[in-house]
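Structure file work.pdb (PDB, C-alpha atoms) is printed below.
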```
ATOM      1  CA  MET A   1      13.479  12.306 -42.424  1.00  0.00           C
ATOM      2  CA  SER A   2      10.559  11.190 -40.253  1.00  0.00           C
ATOM      3  CA  GLU A   3      10.911  11.077 -36.453  1.00  0.00           C
ATOM      4  CA  LYS A   4      11.397   7.592 -35.053  1.00  0.00           C
ATOM      5  CA  ARG A   5       8.750   6.376 -32.655  1.00  0.00           C
ATOM      6  CA  PRO A   6       9.863   4.668 -29.434  1.00  0.00           C
ATOM      7  CA  ARG A   7       9.610   0.926 -29.506  1.00  0.00           C
ATOM      8  CA  GLY A   8       7.188  -1.004 -27.345  1.00  0.00           C
ATOM      9  CA  ARG A   9       3.717  -0.226 -26.149  1.00  0.00           C
ATOM     10  CA  PRO A  10       3.074   3.105 -24.425  1.00  0.00           C
ATOM     11  CA  LYS A  11       2.632   2.867 -20.686  1.00  0.00           C
ATOM     12  CA  THR A  12      -1.004   3.562 -19.912  1.00  0.00           C
ATOM     13  CA  VAL A  13      -1.393   1.979 -16.453  1.00  0.00           C
ATOM     14  CA  ASP A  14      -1.929   4.390 -13.560  1.00  0.00           C
ATOM     15  CA  ARG A  15       0.053   2.329 -11.076  1.00  0.00           C
ATOM     16  CA  GLY A  16      -0.905   4.352  -8.013  1.00  0.00           C
ATOM     17  CA  ALA A  17      -4.616   4.237  -8.779  1.00  0.00           C
ATOM     18  CA  ALA A  18      -4.476   0.493  -9.493  1.00  0.00           C
ATOM     19  CA  ILE A  19      -2.738  -0.150  -6.161  1.00  0.00           C
ATOM     20  CA  GLU A  20      -5.300   1.913  -4.250  1.00  0.00           C
ATOM     21  CA  ARG A  21      -8.199   0.082  -5.894  1.00  0.00           C
ATOM     22  CA  ALA A  22      -6.530  -3.269  -5.247  1.00  0.00           C
ATOM     23  CA  LEU A  23      -5.940  -2.341  -1.599  1.00  0.00           C
ATOM     24  CA  VAL A  24      -9.628  -1.622  -1.032  1.00  0.00           C
ATOM     25  CA  HIS A  25     -10.694  -4.678  -3.025  1.00  0.00           C
ATOM     26  CA  TYR A  26      -8.556  -7.139  -1.069  1.00  0.00           C
ATOM     27  CA  TRP A  27      -9.452  -5.435   2.210  1.00  0.00           C
ATOM     28  CA  ARG A  28     -13.182  -5.783   1.500  1.00  0.00           C
ATOM     29  CA  GLU A  29     -13.321  -9.073  -0.413  1.00  0.00           C
ATOM     30  CA  GLY A  30     -10.360 -11.004   0.970  1.00  0.00           C
ATOM     31  CA  VAL A  31      -7.611 -12.667  -1.002  1.00  0.00           C
ATOM     32  CA  HIS A  32      -9.702 -15.286  -2.750  1.00  0.00           C
ATOM     33  CA  GLY A  33     -12.978 -13.387  -2.949  1.00  0.00           C
ATOM     34  CA  THR A  34     -12.996 -13.020  -6.748  1.00  0.00           C
ATOM     35  CA  SER A  35     -11.376 -14.467  -9.839  1.00  0.00           C
ATOM     36  CA  LEU A  36      -8.464 -12.802 -11.565  1.00  0.00           C
ATOM     37  CA  ASN A  37     -10.793 -11.806 -14.413  1.00  0.00           C
ATOM     38  CA  ALA A  38     -13.157 -10.095 -11.981  1.00  0.00           C
ATOM     39  CA  LEU A  39     -10.218  -8.397 -10.244  1.00  0.00           C
ATOM     40  CA  CYS A  40      -8.967  -7.026 -13.556  1.00  0.00           C
ATOM     41  CA  ARG A  41     -12.422  -5.621 -14.299  1.00  0.00           C
ATOM     42  CA  THR A  42     -12.501  -3.977 -10.860  1.00  0.00           C
ATOM     43  CA  LEU A  43      -9.101  -2.392 -11.443  1.00  0.00           C
ATOM     44  CA  GLY A  44      -9.829  -1.448 -15.044  1.00  0.00           C
ATOM     45  CA  LEU A  45      -6.813  -3.451 -16.219  1.00  0.00           C
ATOM     46  CA  SER A  46      -6.349  -6.189 -18.759  1.00  0.00           C
ATOM     47  CA  LYS A  47      -4.493  -9.305 -17.708  1.00  0.00           C
ATOM     48  CA  PRO A  48      -1.507  -8.430 -19.916  1.00  0.00           C
ATOM     49  CA  SER A  49      -1.371  -4.958 -18.333  1.00  0.00           C
ATOM     50  CA  LEU A  50      -1.495  -6.409 -14.828  1.00  0.00           C
ATOM     51  CA  TYR A  51       1.338  -8.816 -15.622  1.00  0.00           C
ATOM     52  CA  ARG A  52       3.440  -6.153 -17.344  1.00  0.00           C
ATOM     53  CA  GLU A  53       3.076  -3.712 -14.445  1.00  0.00           C
ATOM     54  CA  PHE A  54       3.123  -6.034 -11.421  1.00  0.00           C
ATOM     55  CA  GLY A  55       4.421  -9.376 -12.671  1.00  0.00           C
ATOM     56  CA  GLY A  56       1.153 -11.066 -11.696  1.00  0.00           C
ATOM     57  CA  GLU A  57      -1.361 -11.004  -8.876  1.00  0.00           C
ATOM     58  CA  ASP A  58       1.266 -11.733  -6.224  1.00  0.00           C
ATOM     59  CA  GLY A  59       3.151  -8.588  -7.216  1.00  0.00           C
ATOM     60  CA  LEU A  60      -0.051  -6.560  -7.181  1.00  0.00           C
ATOM     61  CA  LEU A  61      -1.008  -7.828  -3.734  1.00  0.00           C
ATOM     62  CA  GLU A  62       2.499  -7.140  -2.410  1.00  0.00           C
ATOM     63  CA  ALA A  63       2.248  -3.572  -3.731  1.00  0.00           C
ATOM     64  CA  ALA A  64      -1.165  -3.164  -2.084  1.00  0.00           C
ATOM     65  CA  LEU A  65       0.203  -4.408   1.242  1.00  0.00           C
ATOM     66  CA  SER A  66       3.176  -2.040   0.960  1.00  0.00           C
ATOM     67  CA  ALA A  67       0.731   0.837   0.543  1.00  0.00           C
ATOM     68  CA  TYR A  68      -1.332  -0.444   3.461  1.00  0.00           C
ATOM     69  CA  ARG A  69       1.790  -0.464   5.633  1.00  0.00           C
ATOM     70  CA  GLU A  70       1.903   3.318   5.258  1.00  0.00           C
ATOM     71  CA  HIS A  71      -1.856   3.608   5.771  1.00  0.00           C
ATOM     72  CA  ALA A  72      -2.286   1.535   8.938  1.00  0.00           C
ATOM     73  CA  VAL A  73       0.684  -0.548  10.080  1.00  0.00           C
ATOM     74  CA  LEU A  74       3.118   2.314  10.668  1.00  0.00           C
ATOM     75  CA  PRO A  75       0.520   4.518  12.419  1.00  0.00           C
ATOM     76  CA  LEU A  76      -0.247   1.660  14.816  1.00  0.00           C
ATOM     77  CA  MET A  77       3.432   1.127  15.558  1.00  0.00           C
ATOM     78  CA  SER A  78       3.913   4.854  16.141  1.00  0.00           C
ATOM     79  CA  PHE A  79       1.876   4.695  19.352  1.00  0.00           C
ATOM     80  CA  PHE A  80       4.554   2.434  20.804  1.00  0.00           C
ATOM     81  CA  GLU A  81       7.444   4.572  19.610  1.00  0.00           C
ATOM     82  CA  ARG A  82       6.335   7.710  21.455  1.00  0.00           C
ATOM     83  CA  ASP A  83       7.677   8.771  24.816  1.00  0.00           C
ATOM     84  CA  GLN A  84       4.568   7.934  26.819  1.00  0.00           C
ATOM     85  CA  PRO A  85       3.305   5.373  29.363  1.00  0.00           C
ATOM     86  CA  PHE A  86       2.755   1.873  28.017  1.00  0.00           C
ATOM     87  CA  THR A  87      -0.903   2.023  29.083  1.00  0.00           C
ATOM     88  CA  ASP A  88      -1.404   5.085  26.876  1.00  0.00           C
ATOM     89  CA  ALA A  89       0.144   3.282  23.911  1.00  0.00           C
ATOM     90  CA  LEU A  90      -2.174   0.306  24.418  1.00  0.00           C
ATOM     91  CA  ALA A  91      -5.234   2.538  24.779  1.00  0.00           C
ATOM     92  CA  GLN A  92      -4.391   4.400  21.569  1.00  0.00           C
ATOM     93  CA  ALA A  93      -3.730   1.148  19.730  1.00  0.00           C
ATOM     94  CA  LEU A  94      -7.090  -0.266  20.814  1.00  0.00           C
ATOM     95  CA  ALA A  95      -8.901   2.893  19.763  1.00  0.00           C
ATOM     96  CA  PHE A  96      -7.124   2.823  16.393  1.00  0.00           C
ATOM     97  CA  THR A  97      -7.852  -0.845  15.689  1.00  0.00           C
ATOM     98  CA  THR A  98     -11.542  -0.584  16.616  1.00  0.00           C
ATOM     99  CA  GLU A  99     -12.395   2.618  14.763  1.00  0.00           C
ATOM    100  CA  ARG A 100     -13.904   2.508  11.297  1.00  0.00           C
ATOM    101  CA  ALA A 101     -14.016   5.500   8.999  1.00  0.00           C
ATOM    102  CA  GLU A 102     -17.102   6.004   6.852  1.00  0.00           C
ATOM    103  CA  GLY A 103     -16.898   3.834   3.749  1.00  0.00           C
ATOM    104  CA  GLN A 104     -13.853   1.949   5.035  1.00  0.00           C
ATOM    105  CA  PRO A 105     -13.966  -1.866   5.180  1.00  0.00           C
ATOM    106  CA  PRO A 106     -13.899  -3.376   8.679  1.00  0.00           C
ATOM    107  CA  GLY A 107     -10.853  -5.025  10.145  1.00  0.00           C
ATOM    108  CA  CYS A 108      -7.389  -4.887   8.627  1.00  0.00           C
ATOM    109  CA  LEU A 109      -5.867  -5.929   5.299  1.00  0.00           C
ATOM    110  CA  PHE A 110      -2.640  -7.016   6.988  1.00  0.00           C
ATOM    111  CA  THR A 111      -4.596  -9.234   9.384  1.00  0.00           C
ATOM    112  CA  ILE A 112      -6.512 -10.789   6.490  1.00  0.00           C
ATOM    113  CA  LEU A 113      -3.268 -11.622   4.705  1.00  0.00           C
ATOM    114  CA  ARG A 114      -1.714 -13.097   7.856  1.00  0.00           C
ATOM    115  CA  GLU A 115      -4.684 -15.438   8.111  1.00  0.00           C
ATOM    116  CA  ALA A 116      -4.362 -16.408   4.446  1.00  0.00           C
ATOM    117  CA  GLY A 117      -0.841 -17.683   5.064  1.00  0.00           C
ATOM    118  CA  GLU A 118       1.443 -18.746   2.254  1.00  0.00           C
ATOM    119  CA  ARG A 119      -1.508 -19.057  -0.122  1.00  0.00           C
ATOM    120  CA  VAL A 120      -1.049 -15.359  -0.901  1.00  0.00           C
ATOM    121  CA  GLY A 121       2.144 -15.902  -2.908  1.00  0.00           C
ATOM    122  CA  SER A 122       5.828 -15.751  -2.100  1.00  0.00           C
ATOM    123  CA  GLU A 123       6.367 -11.988  -2.524  1.00  0.00           C
ATOM    124  CA  THR A 124       3.352 -11.038  -0.446  1.00  0.00           C
ATOM    125  CA  TRP A 125       4.048 -13.641   2.225  1.00  0.00           C
ATOM    126  CA  ALA A 126       7.620 -12.424   2.619  1.00  0.00           C
ATOM    127  CA  LEU A 127       6.301  -8.905   3.231  1.00  0.00           C
ATOM    128  CA  VAL A 128       3.682 -10.201   5.679  1.00  0.00           C
ATOM    129  CA  GLN A 129       6.412 -11.874   7.706  1.00  0.00           C
ATOM    130  CA  ARG A 130       8.563  -8.740   7.643  1.00  0.00           C
ATOM    131  CA  LEU A 131       5.660  -6.633   8.906  1.00  0.00           C
ATOM    132  CA  GLU A 132       4.962  -9.166  11.653  1.00  0.00           C
ATOM    133  CA  GLY A 133       8.537  -8.763  12.824  1.00  0.00           C
ATOM    134  CA  GLU A 134       8.363  -4.973  12.648  1.00  0.00           C
ATOM    135  CA  ARG A 135       5.234  -4.865  14.772  1.00  0.00           C
ATOM    136  CA  ARG A 136       6.458  -7.301  17.398  1.00  0.00           C
ATOM    137  CA  ASP A 137       9.802  -5.527  17.652  1.00  0.00           C
ATOM    138  CA  ALA A 138       8.037  -2.184  18.194  1.00  0.00           C
ATOM    139  CA  PHE A 139       5.775  -3.655  20.871  1.00  0.00           C
ATOM    140  CA  ALA A 140       8.690  -5.404  22.607  1.00  0.00           C
ATOM    141  CA  ALA A 141      10.882  -2.287  22.569  1.00  0.00           C
ATOM    142  CA  ALA A 142       8.094  -0.220  24.110  1.00  0.00           C
ATOM    143  CA  TYR A 143       7.571  -2.841  26.794  1.00  0.00           C
ATOM    144  CA  ALA A 144      11.296  -2.907  27.560  1.00  0.00           C
ATOM    145  CA  ARG A 145      11.267   0.857  28.075  1.00  0.00           C
ATOM    146  CA  ALA A 146       8.173   0.573  30.263  1.00  0.00           C
ATOM    147  CA  ARG A 147       9.882  -2.131  32.303  1.00  0.00           C
ATOM    148  CA  GLU A 148      12.833   0.177  32.921  1.00  0.00           C
ATOM    149  CA  ARG A 149      10.390   2.818  34.178  1.00  0.00           C
ATOM    150  CA  GLY A 150       8.768   0.308  36.520  1.00  0.00           C
ATOM    151  CA  GLU A 151       5.398   0.427  34.780  1.00  0.00           C
ATOM    152  CA  VAL A 152       5.017  -3.247  33.887  1.00  0.00           C
ATOM    153  CA  ASP A 153       5.838  -6.736  35.094  1.00  0.00           C
ATOM    154  CA  ALA A 154       9.622  -6.830  35.518  1.00  0.00           C
ATOM    155  CA  GLY A 155       9.623 -10.622  35.244  1.00  0.00           C
ATOM    156  CA  LEU A 156       8.073 -10.764  31.772  1.00  0.00           C
ATOM    157  CA  ALA A 157      10.488 -10.804  28.836  1.00  0.00           C
ATOM    158  CA  PRO A 158       9.841  -7.939  26.386  1.00  0.00           C
ATOM    159  CA  GLU A 159       9.841 -10.362  23.433  1.00  0.00           C
ATOM    160  CA  LEU A 160       7.041 -12.378  25.017  1.00  0.00           C
ATOM    161  CA  ALA A 161       5.117  -9.224  25.931  1.00  0.00           C
ATOM    162  CA  GLY A 162       5.455  -8.024  22.338  1.00  0.00           C
ATOM    163  CA  ARG A 163       3.972 -11.279  21.099  1.00  0.00           C
ATOM    164  CA  VAL A 164       1.096 -10.982  23.596  1.00  0.00           C
ATOM    165  CA  VAL A 165       0.270  -7.485  22.335  1.00  0.00           C
ATOM    166  CA  ASP A 166       0.559  -8.581  18.713  1.00  0.00           C
ATOM    167  CA  LEU A 167      -1.692 -11.617  19.144  1.00  0.00           C
ATOM    168  CA  GLN A 168      -4.316  -9.679  21.071  1.00  0.00           C
ATOM    169  CA  LEU A 169      -4.518  -6.872  18.520  1.00  0.00           C
ATOM    170  CA  HIS A 170      -4.644  -9.505  15.769  1.00  0.00           C
ATOM    171  CA  ALA A 171      -7.633 -11.128  17.493  1.00  0.00           C
ATOM    172  CA  VAL A 172      -9.370  -7.756  17.863  1.00  0.00           C
ATOM    173  CA  LEU A 173      -8.935  -7.002  14.164  1.00  0.00           C
ATOM    174  CA  LEU A 174     -10.229 -10.424  13.145  1.00  0.00           C
ATOM    175  CA  ALA A 175     -13.317  -9.829  15.275  1.00  0.00           C
ATOM    176  CA  MET A 176     -13.740  -6.358  13.763  1.00  0.00           C
ATOM    177  CA  HIS A 177     -13.683  -7.915  10.302  1.00  0.00           C
ATOM    178  CA  ALA A 178     -16.408 -10.326  11.447  1.00  0.00           C
ATOM    179  CA  GLY A 179     -18.569  -7.395  12.561  1.00  0.00           C
ATOM    180  CA  ASP A 180     -18.241  -7.620  16.365  1.00  0.00           C
ATOM    181  CA  ASP A 181     -19.059  -4.629  18.545  1.00  0.00           C
ATOM    182  CA  PRO A 182     -15.998  -2.346  18.913  1.00  0.00           C
ATOM    183  CA  ALA A 183     -16.746  -1.328  22.514  1.00  0.00           C
ATOM    184  CA  THR A 184     -17.017  -4.955  23.568  1.00  0.00           C
ATOM    185  CA  LEU A 185     -13.748  -5.789  21.832  1.00  0.00           C
ATOM    186  CA  ARG A 186     -11.954  -2.936  23.578  1.00  0.00           C
ATOM    187  CA  ALA A 187     -13.269  -4.068  26.963  1.00  0.00           C
ATOM    188  CA  ALA A 188     -12.202  -7.668  26.323  1.00  0.00           C
ATOM    189  CA  ALA A 189      -8.731  -6.604  25.210  1.00  0.00           C
ATOM    190  CA  GLN A 190      -8.296  -4.481  28.323  1.00  0.00           C
ATOM    191  CA  VAL A 191      -8.944  -7.563  30.442  1.00  0.00           C
ATOM    192  CA  ALA A 192      -6.421  -9.567  28.419  1.00  0.00           C
ATOM    193  CA  PHE A 193      -3.758  -6.863  28.710  1.00  0.00           C
ATOM    194  CA  ARG A 194      -3.967  -6.738  32.498  1.00  0.00           C
ATOM    195  CA  GLY A 195      -1.561  -9.652  32.618  1.00  0.00           C
ATOM    196  CA  LEU A 196       1.209  -7.356  31.379  1.00  0.00           C
ATOM    197  CA  PHE A 197       1.185  -5.154  34.495  1.00  0.00           C
ATOM    198  CA  ALA A 198      -0.612  -4.565  37.753  1.00  0.00           C
ATOM    199  CA  ASP A 199      -2.767  -1.552  36.923  1.00  0.00           C
ATOM    200  CA  PHE A 200      -4.532  -1.198  33.592  1.00  0.00           C
ATOM    201  CA  ASP A 201      -7.475   0.914  34.725  1.00  0.00           C
ATOM    202  CA  SER A 202      -6.156   3.956  32.865  1.00  0.00           C
ATOM    203  CA  CYS A 203      -6.608   2.259  29.497  1.00  0.00           C
ATOM    204  CA  SER A 204     -10.130   2.915  28.261  1.00  0.00           C
TER     205      SER A 204
END
```

Conversion result in structure tokens:
Amino acid sequence: MSEKRPRGRPKTVDRGAAIERALVHYWREGVHGTSLNALCRTLGLSKPSLYREFGGEDGLLEAALSAYREHAVLPLMSFFERDQPFTDALAQALAFTTERAEGQPPGCLFTILREAGERVGSETWALVQRLEGERRDAFAAAYARARERGEVDAGLAPELAGRVVDLQLHAVLLAMHAGDDPATLRAAAQVAFRGLFADFDSCS
């Protein structure tokens, strides 16, 4: 009696590799930089394979953003979760957001997707909003701890301070994507952050 073959098509998609390629593609080209046909060629996938594996482009983009969360969003938040002065956390965050590794696209995939808004698709947009909340909560919690230590303006609500930090870093990353000078962006952000406390000279 002959051995029965499993039903259905064999799975040939390297999901991890496709996500990594998609991450770099969206980071470099933006959300609407190419057609779906061109994207499939870049990823080495057919349209049916993309839909079988990810449920469509929205699912692929959501998977790419999830991978990017590990690559860049969590490391940025980690500066604000350490037991250190708030000025040190801001300085490290500015250095992180204005550095660019060789061969790496400028700016930030998460920032690009925030700017795209709900045009990115429901799954991706839901993740964007969740990451926004994660970041702001981390910034606000760090500010609350700094306020208890007497480092920052005691009259400023941590939630508002967290939004200030989030918006300023967002602006820096947008400018990085546009090709602005990193040193100038760091200097400008330092000026903007002075409103959070009296002495920001240690952040450089």

Counting only C-alpha atoms, what is within 9 Å of Ala93 (chain A), bar same-chain residues fewer than 4 positions away, as a PyMOL selection string?
-> chain A and resi 76-77+79-80+88-89+97-98+169

Could you check how far CA of Ala187 (chain A) sits from CA of Ala140 (chain A), in Å to one decimal?
->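 Taking CA of Ala187 (chain A) and CA of Ala140 (chain A), their separation equals 22.4 Å.
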
Non-local contacts of Trp27 (chain A) (7 Å; only C-alpha atoms; under 5 positions in same chain excluded) as number ranges by chain = A: 105, 108-109

Which of these residues is nearest to Pro75 (chain A), using all atoms listed in the file: A:Ala183, A:Tyr26, A:Thr34, A:Arg135?
->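 Looking only at the distances to Pro75 (chain A), the closest residue turns out to be A:Arg135.
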
Neighbour residues at most 12 Å from (-2.2, -12.3, 22.8) (all atoms listed in the file) as a PyMOL selection string = chain A and resi 136+139+160-172+188-196

Find the distance between CA of Ala63 (chain A) and CA of Gly44 (chain A) and write it in Å to one decimal.
->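 CA of Gly44 (chain A) lies at a distance of 16.7 Å from CA of Ala63 (chain A).
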
Point out the residue among A:Gly59, A:Gly155, A:Pro182, A:Pro48 with the least atom-to-atom distance to Ile19 (chain A), counting all atoms listed in the file.
->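 Checking each of A:Gly59, A:Gly155, A:Pro182, A:Pro48 against Ile19 (chain A), counting all atoms listed in the file, the winner is A:Gly59.
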
Evaluate the PyMOL selection byres ((chain A and resi 128) around 10) here and jot the selected residues down as a PyMOL selection string.
-> chain A and resi 62+65-66+69+110-111+113-114+117-118+120+122-127+129-134

Generate the output file for the selected residues, C-alpha atoms, as a short mmCIF file (atom, residue, chain, number, x, y, z; two decimals), in the frame of the given file.
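result.cif written:
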```cif
data_model
loop_
_atom_site.label_atom_id
_atom_site.label_comp_id
_atom_site.auth_asym_id
_atom_site.auth_seq_id
_atom_site.Cartn_x
_atom_site.Cartn_y
_atom_site.Cartn_z
CA GLU A 62 2.50 -7.14 -2.41
CA LEU A 65 0.20 -4.41 1.24
CA SER A 66 3.18 -2.04 0.96
CA ARG A 69 1.79 -0.46 5.63
CA PHE A 110 -2.64 -7.02 6.99
CA THR A 111 -4.60 -9.23 9.38
CA LEU A 113 -3.27 -11.62 4.70
CA ARG A 114 -1.71 -13.10 7.86
CA GLY A 117 -0.84 -17.68 5.06
CA GLU A 118 1.44 -18.75 2.25
CA VAL A 120 -1.05 -15.36 -0.90
CA SER A 122 5.83 -15.75 -2.10
CA GLU A 123 6.37 -11.99 -2.52
CA THR A 124 3.35 -11.04 -0.45
CA TRP A 125 4.05 -13.64 2.22
CA ALA A 126 7.62 -12.42 2.62
CA LEU A 127 6.30 -8.90 3.23
CA GLN A 129 6.41 -11.87 7.71
CA ARG A 130 8.56 -8.74 7.64
CA LEU A 131 5.66 -6.63 8.91
CA GLU A 132 4.96 -9.17 11.65
CA GLY A 133 8.54 -8.76 12.82
CA GLU A 134 8.36 -4.97 12.65
#
```

To one decimal place, how far is CA of Leu39 (chain A) from CA of His177 (chain A) in Å?
->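 Between these atoms lies a distance of 20.8 Å.
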
Selection dump of the PyMOL selection byres ((chain A and resi 91) around 9), as a PyMOL selection string = chain A and resi 86-90+92-96+186+190+202-204

Using only C-alpha atoms, determine which residues lie at most 8 Å from Glu53 (chain A), disregarding the query and same-chain residues fewer than 4 positions distant; provide the list as a list of chain:residue names.
-> A:Val13, A:Arg15, A:Ser49

Around (5.6, -1.0, 31.3) in the file's frame, which residues reach within 10 Å when counting only C-alpha atoms? Return as a PyMOL selection string?
-> chain A and resi 85-87+142-154+158+161+196-198

Same residues, C-alpha atoms, output as a PDB file, in the frame of the given file:
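Listing of part_6.pdb after writing:
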```pdb
ATOM      1  CA  PRO A  85       3.305   5.373  29.363  1.00  0.00           C
ATOM      2  CA  PHE A  86       2.755   1.873  28.017  1.00  0.00           C
ATOM      3  CA  THR A  87      -0.903   2.023  29.083  1.00  0.00           C
ATOM      4  CA  ALA A 142       8.094  -0.220  24.110  1.00  0.00           C
ATOM      5  CA  TYR A 143       7.571  -2.841  26.794  1.00  0.00           C
ATOM      6  CA  ALA A 144      11.296  -2.907  27.560  1.00  0.00           C
ATOM      7  CA  ARG A 145      11.267   0.857  28.075  1.00  0.00           C
ATOM      8  CA  ALA A 146       8.173   0.573  30.263  1.00  0.00           C
ATOM      9  CA  ARG A 147       9.882  -2.131  32.303  1.00  0.00           C
ATOM     10  CA  GLU A 148      12.833   0.177  32.921  1.00  0.00           C
ATOM     11  CA  ARG A 149      10.390   2.818  34.178  1.00  0.00           C
ATOM     12  CA  GLY A 150       8.768   0.308  36.520  1.00  0.00           C
ATOM     13  CA  GLU A 151       5.398   0.427  34.780  1.00  0.00           C
ATOM     14  CA  VAL A 152       5.017  -3.247  33.887  1.00  0.00           C
ATOM     15  CA  ASP A 153       5.838  -6.736  35.094  1.00  0.00           C
ATOM     16  CA  ALA A 154       9.622  -6.830  35.518  1.00  0.00           C
ATOM     17  CA  PRO A 158       9.841  -7.939  26.386  1.00  0.00           C
ATOM     18  CA  ALA A 161       5.117  -9.224  25.931  1.00  0.00           C
ATOM     19  CA  LEU A 196       1.209  -7.356  31.379  1.00  0.00           C
ATOM     20  CA  PHE A 197       1.185  -5.154  34.495  1.00  0.00           C
ATOM     21  CA  ALA A 198      -0.612  -4.565  37.753  1.00  0.00           C
TER      22      ALA A 198
END
```

Could you tell me which of A:Ala138, A:Leu61, A:Met176, A:Leu185 comes closest to His32 (chain A) if we count only C-alpha atoms?
->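 Selected residue with least distance to His32 (chain A): A:Leu61.
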
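For the residues A:Val24, A:Leu60, A:Ala18, A:Leu74, ranking by smallest atom-to-atom distance to Leu45 (chain A) using only C-alpha atoms places A:Ala18 first.
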
For region 86-105 of chain A, take all atoms listed in the file, fit an axis-aligned box around them, add 5 Å to each of the six sides, then output centre and edge lengths in Å rounded to one decimal, as lines of an AutoDock Vina configuration file.
```
center_x = -7.2
center_y = 2.1
center_z = 16.4
size_x = 29.9
size_y = 17.9
size_z = 35.3
```

Quick one: of A:Arg119, A:Asp181, A:Arg28, A:Ala38, who's nearest to Gly103 (chain A), counting only C-alpha atoms?
-> A:Arg28

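Using only C-alpha atoms for every distance, the candidate list A:Arg100, A:Arg41, A:Asp180, A:Leu173 yields A:Leu173 as the residue closest to Glu115 (chain A).
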